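Quick notes on the structure that follows.
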Amino acid sequence: MTLMDRIDGAKVEGHRPWPRVVVDEAGWRAAATELAAGHLTLLGLWGDKGGAQMVVHMAVLDEATAEIAVASIECPQGSFPSVGAVHPPAIRLERAVHDLYGLTPLGLADMRPWLDRGVWGVSRPLGTAERLPPAARPYAFLPTDGESLHQIPVGPVHAGIIEPGHFRFTASGETVVRLEARLGYVHKGIESLMTGAPLDTAARLASRTSGDSTVAYALAFARAAEAALGIEAPSRAIHLRALMAELERLANHFGDIGAICNDASFALMHAQCGILRERVLRAADTCFGHRLMMDRVVPGGVSHDLTDAGAAQLRGLLDEARRVFPRLVKLYDNTASLQDRTAGTGILREDLARQFGVGGCVGRASGRVFDARKRPGYPPYDQLDFAIATFEGGDVNARVWVRIREAEQSLDLVEQILRSMPAGPIKADFQASLKPAEGMALVEAFRGDVLAWLRIDNGCVARCHLRDPSWFQWPLLEAAIEGNIVADFPLCNKSFNCSYSGHDL
Amino acid sequence: MRRTLLEGVIHSPLTEAPPERDDAALKELAASLDRAARRRLGRSLSIRQVDAGSCNGCELEIHALNNAFYDLERYGLRFVASPRHADVLMVTGPVTKNMREALERTYNATPDPKWVVAVGACAADGGIFARSYACVGRLSDVIPVDLHIAGCPPSPKALLSGLLALMETMDS
């Protein structure tokens, strides 16, 4: 039975590359039941004020067949049956939909605002917006019961160079009984700025959704726009995009491996990995004119070509990384005091990883074999040779090892891409269509799969939703830390390395 | 481990020469800095970084200041974990309304004399997020700013130049 047989509704024309169907309440509930039963994986859930009706879209994945579909339910009464009520991964997404659109998920137990603090001066900014005088509202954290429990509030301003968020620990002595995160501090209103923006402006916004994944976001946005417009980037551009994406993955993985070790007070790894990271960023700067390669992937192709000198520099980078990195891997593997901190710490159970459809290192360290580069897949990865690095342990150590294996593979991928780089143009000419068209893409960022969905109308973006992998990782961090000591939280947190900005939008 | 440590001893350091002074940044500063406070601080500065809504791009480059190539601490500059210990607040982002109160509280928790450095295009004028319902936009609309470091994000070199300019103005 294909995925479309299981989602009953009216197919929408002009939604590419995967189908979108408008379902009634029964169809919506049926899809929710399939999610709850573990037959489908939730990819995203977002609101839309397209035509006469407000709509909630839900993207789902059939992991067995790698089929993807979007189910949409119209909300004439301003409400929809809650998916989160039966499938917890949807809870925060629905709370966000309620904040931004005013649409009520019927049956959802947790209706606390998620992004809206009452200080925007407007409520339901993407729905039936209403001006309101700003007034901060109190927030009730989930209650905890038990003897001798104490709470530790942390953040939003943290003791390091990191993004803001609030963590509320409830501890019994040193042991964490419950962690609850409160996010939304860096909500910038990206989706409202997207609405009505020309494609190039929207692409720049997408590139600044989470700066560490700027290439992946730009790629997801570009691929969604190209799907909607029915155009394809030239072959050389596709290779250059993958080259940038792998450089981004390398820089982040090197940085994260070092930072995780640093949180276990092993500064040597941090210093050495920091050097590798800096070398990647400098090579990116030489090749593409920007250390993070921001705005280099654009709808239709890429903005910068790779010169022969640039390719030579990248080969030098490969030589250097292959000389140094194996030694650092050995150092990690052979340092018992370091392993003592990472092995067995912050275990994420495999069933939770599967239930939340969690992507990236977090999922693959808990046995979830999923990588958007393979399935659903996108070029040029179908022509490249690499495997999905998967571990079973689910602890900090396993998340380090996934990063190590992926960094090694990215080095190989960079070499393969350089070898197979075709000549030719780097950007396709196109006209943004005047009639409505919808497109969608799933791209593997270093952190996991980024989903981009957009509707183009009158040559501009009418609606764009970007779903960061962190949406499904933040709740699992709360599960992984349970029963660990408070002092191991930084280590666990760094091994997840969720994005605040990508999540808060 | 021994080989890695040994290489660190026998190879020349990766740390690079300090960047040239950024004169525009110097000028902006000269007007706003108090001479007496400069003397009192000497050449050591403690920095507290505050993300007020950045995309995290600026944070990545601020982080890089600590790596072997830039080695921030050789200039007497270091990042501290609390605003109570800070002389300088380095603020990034278009000041989201959800972060405004936390930013103001951090500023108020920083003892005088203090300086504020606005890092990146967003902190200068809201950047690409300026028109949003969720952002204040200009950092200087929330707390007084002494220095702007431009860029999206500013490179570590640009950050270093700005911070050095801040220090030199304090000394003179």
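Ligands are numbered from 1 in the order shown, residues from 1 within each chain, and chains are lettered A, B, ... in the order they appear in the structure tokens.
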
message = Should the cut-off be 7 Å, what would the residue list for chain A against chain B look like, counting only C-alpha atoms, as a VMD selection string?
response = chain A and resid 117 119 to 120 157 159 to 164 185 to 189 193 208 to 212 271 274 to 275 331 501

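All residues of chain B that DSSP, run on the backbone, classes as strand (DSSP E or B) are Leu45, Ser46, Ile47, Arg48, Gln49, Val50, Asp51, Leu77, Arg78, Phe79, Val88, Leu89, Met90, Val91, Thr92, Thr96, Trp115, Val116, Val117, Ala118, Val119, Cys135, Leu147, His148 and Ile149 of chain B.
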
task = Using DSSP on the backbone, list every residue of segment 42-269 of chain A that comes out as helix (DSSP H, G or I), and give them as a ChimeraX atom specification.
result = /A:88-101,190-194,199-207,211-229,235-263,267-269

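Counting from atom CA of Gly127 of chain A, the distance to atom CA of Asp141 of chain B is 28.5 Å.
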
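For segment 114-123 of chain B, the set of protein, DNA and RNA residues having any atom at most 6 Å away, when counting only C-alpha atoms and skipping those fewer than 2 positions along the same chain, is Asp87, Val88, Leu89, Met90, Val91, Thr92, Gly93, Pro94, Asp112, Asp125, Gly126, Gly127, Arg138, Leu139, Val145, Asp146, Leu147, His148, Ile149, Ala150, Gly151, Cys152, Pro153 and Pro154 of chain B.
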
task = Might you pull out every residue within 7 Å of segment 255-262 of chain A, with only C-alpha atoms counted and same-chain residues fewer than 6 positions away left off, and present them as a PyMOL selection string?
result = chain A and resi 269-270+273-274+277+400+491+494-495
